[in-house]
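Student: This is the structure I have questions about; it appears just below.
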Amino acid sequence: MKLTGAIILSCLVFLAAALPAEAQQKAGTAAAAAPAVSSEADADYLIGPGDVLEISVWKEEALTKAVVVLPDGRISFPLIGQVQAADRTVADLKQEITKRLVKYAPKEEVNLEVKQINSMLIYVIGRVNQPGRFTLNTNVNVLQALSMAGGLNPFAKRNEIKVFRKEGGQTRILNFNYDRVTAGEMMGQNVTLKRGDVVVVP
């Protein structure tokens with residue numbers, strides 16, 4: 001019985017040591033197998049001022065650079081100088097950079113990725129607990145934006161909230177009735193916010 005107990009104890013010690021190593025090995029294998037994020041995934045994203053882009057040319061280390069989109073919407077890249085980036089999709093900008101670089105690297109592939117989104121800004125002002133500017137990295141609707149701003153304060157006119165949105169050089173005003181929306185009615189007013197939208201809580 002003593003010998004059996006010793007054997008069992010030895011087995012338990014062995015398993016305790018082996019299992020974490022095995023789990024770590026599996027985790028490492030899974031991480032190695034995970035695909036890298038492709039620039040194709042955000043090919044339709046509309047670039048804006050403040051965004052950080054990483055541009056690289058295969059086999060050309062000197063042409064690998066992280067650039068910030070300037071307030072005027074332009075970026076600067078070696079050999080080709082300044083390029084308009086704001087209000088263009090990733091795919092469109094990548095195509096132009098590739099075209100401009102063709103005489104310097106005719107056979108090499110250009111890769112462009114958005115490394116940091118800083119231009120997706122919305123504003124929530126008025127009678128909320130934490131008014132201010134918010135940077136978005138995912139789709140956010142009006143209710144979610146109000147939550148990000150700490151919710152309505154007791155003096156807010158809950159059913160007179162408005163979203164100001166610039167479209168084509170003009171400002172469009174969208175109404176938002178807080179009580180009706182939170183009651184599951186008028187859900188069409190709970191729109192997904194866009195870059196530059198201003199939510200005003202009177």
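Chain labels follow the order of the structure tokens: the first chain is A, the next B, and so on; residue numbering restarts at 1 in every chain, and ligands are counted from 1 in their shown order.
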If you run DSSP on this backbone, which residues of region 122-202 of chain A come out as helix (DSSP H, G or I), and could you give them as an MDAnalysis selection string?
Tutor: chainID A and resid 142:148 178:182 187:189
Student: Can those selected residues be exported to a file as a PDB file, in the first residue's frame so that it contains N, CA and C atoms?
Tutor:
```pdb
ATOM      1  N   VAL A 142     -26.962  56.117 -30.895  1.00  0.00           N
ATOM      2  CA  VAL A 142     -27.195  57.269 -30.019  1.00  0.00           C
ATOM      3  C   VAL A 142     -27.278  56.849 -28.555  1.00  0.00           C
ATOM      4  N   LEU A 143     -28.015  55.778 -28.263  1.00  0.00           N
ATOM      5  CA  LEU A 143     -28.128  55.322 -26.874  1.00  0.00           C
ATOM      6  C   LEU A 143     -26.768  54.980 -26.287  1.00  0.00           C
ATOM      7  N   GLN A 144     -25.937  54.304 -27.083  1.00  0.00           N
ATOM      8  CA  GLN A 144     -24.606  53.935 -26.599  1.00  0.00           C
ATOM      9  C   GLN A 144     -23.755  55.171 -26.361  1.00  0.00           C
ATOM     10  N   ALA A 145     -23.889  56.170 -27.225  1.00  0.00           N
ATOM     11  CA  ALA A 145     -23.126  57.410 -27.055  1.00  0.00           C
ATOM     12  C   ALA A 145     -23.539  58.134 -25.782  1.00  0.00           C
ATOM     13  N   LEU A 146     -24.838  58.147 -25.498  1.00  0.00           N
ATOM     14  CA  LEU A 146     -25.318  58.784 -24.264  1.00  0.00           C
ATOM     15  C   LEU A 146     -24.781  58.048 -23.040  1.00  0.00           C
ATOM     16  N   SER A 147     -24.671  56.732 -23.152  1.00  0.00           N
ATOM     17  CA  SER A 147     -24.104  55.946 -22.052  1.00  0.00           C
ATOM     18  C   SER A 147     -22.624  56.275 -21.864  1.00  0.00           C
ATOM     19  N   MET A 148     -21.901  56.420 -22.973  1.00  0.00           N
ATOM     20  CA  MET A 148     -20.487  56.784 -22.898  1.00  0.00           C
ATOM     21  C   MET A 148     -20.299  58.144 -22.229  1.00  0.00           C
ATOM     22  N   TYR A 178     -35.789  59.964 -26.229  1.00  0.00           N
ATOM     23  CA  TYR A 178     -35.170  58.988 -25.330  1.00  0.00           C
ATOM     24  C   TYR A 178     -36.191  58.018 -24.741  1.00  0.00           C
ATOM     25  N   ASP A 179     -37.299  58.523 -24.230  1.00  0.00           N
ATOM     26  CA  ASP A 179     -38.284  57.660 -23.574  1.00  0.00           C
ATOM     27  C   ASP A 179     -38.914  56.673 -24.549  1.00  0.00           C
ATOM     28  N   ARG A 180     -39.219  57.143 -25.754  1.00  0.00           N
ATOM     29  CA  ARG A 180     -39.856  56.264 -26.726  1.00  0.00           C
ATOM     30  C   ARG A 180     -38.894  55.175 -27.195  1.00  0.00           C
ATOM     31  N   VAL A 181     -37.651  55.566 -27.415  1.00  0.00           N
ATOM     32  CA  VAL A 181     -36.655  54.587 -27.891  1.00  0.00           C
ATOM     33  C   VAL A 181     -36.367  53.542 -26.820  1.00  0.00           C
ATOM     34  N   THR A 182     -36.172  53.985 -25.580  1.00  0.00           N
ATOM     35  CA  THR A 182     -35.875  53.030 -24.509  1.00  0.00           C
ATOM     36  C   THR A 182     -37.078  52.161 -24.175  1.00  0.00           C
ATOM     37  N   MET A 187     -37.538  52.935 -32.895  1.00  0.00           N
ATOM     38  CA  MET A 187     -36.152  52.476 -32.884  1.00  0.00           C
ATOM     39  C   MET A 187     -35.338  53.031 -34.055  1.00  0.00           C
ATOM     40  N   GLY A 188     -36.040  53.504 -35.091  1.00  0.00           N
ATOM     41  CA  GLY A 188     -35.332  54.094 -36.219  1.00  0.00           C
ATOM     42  C   GLY A 188     -34.569  55.353 -35.852  1.00  0.00           C
ATOM     43  N   GLN A 189     -34.948  55.970 -34.724  1.00  0.00           N
ATOM     44  CA  GLN A 189     -34.221  57.168 -34.280  1.00  0.00           C
ATOM     45  C   GLN A 189     -32.875  56.829 -33.647  1.00  0.00           C
TER      46      GLN A 189
END
```
Student: If we count only C-alpha atoms and set the cut-off at 10 Å, which residues sit around region 75-77 of chain A, ignoring sequence neighbours fewer than 3 positions away in its own chain? Please answer as a VMD selection string.
Tutor: chain A and resid 49 52 to 53 55 63 to 72 80 to 86 97
Student: Name the closest residue to Asn141 (chain A) among the candidates A:Asn153, A:Thr192, A:Gln170, A:Thr98; distances are taken between atoms, counting only C-alpha atoms.
Tutor: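 Checking each of A:Asn153, A:Thr192, A:Gln170, A:Thr98 against Asn141 (chain A), counting only C-alpha atoms, the winner is A:Thr192.
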Student: Between A:Ile125, A:Met120, A:Leu46, A:Val57, which has the minimum distance to Ala156 (chain A) (counting only C-alpha atoms)?
Tutor: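 That would be A:Ile125, the residue with the smallest distance to Ala156 (chain A).
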Student: So what do you get for CA of Asp92 (chain A) versus CA of Tyr123 (chain A), distance-wise?
Tutor: 28.4 Å
Student: Enumerate the residues of region 41-193 of chain A with a DSSP assignment of strand (DSSP E), computed from the backbone, and present them as a PyMOL selection string.
Tutor: chain A and resi 52-57+60-68+74-77+81-84+110-116+121-126+132-135+161-167+170-176
Student: List the spatial neighbours of Asp197 (chain A) as a PyMOL selection string - criterion: any atom at most 9 Å away, only C-alpha atoms, same-chain residues fewer than 6 positions off excluded.
Tutor: chain A and resi 121-124+163-166
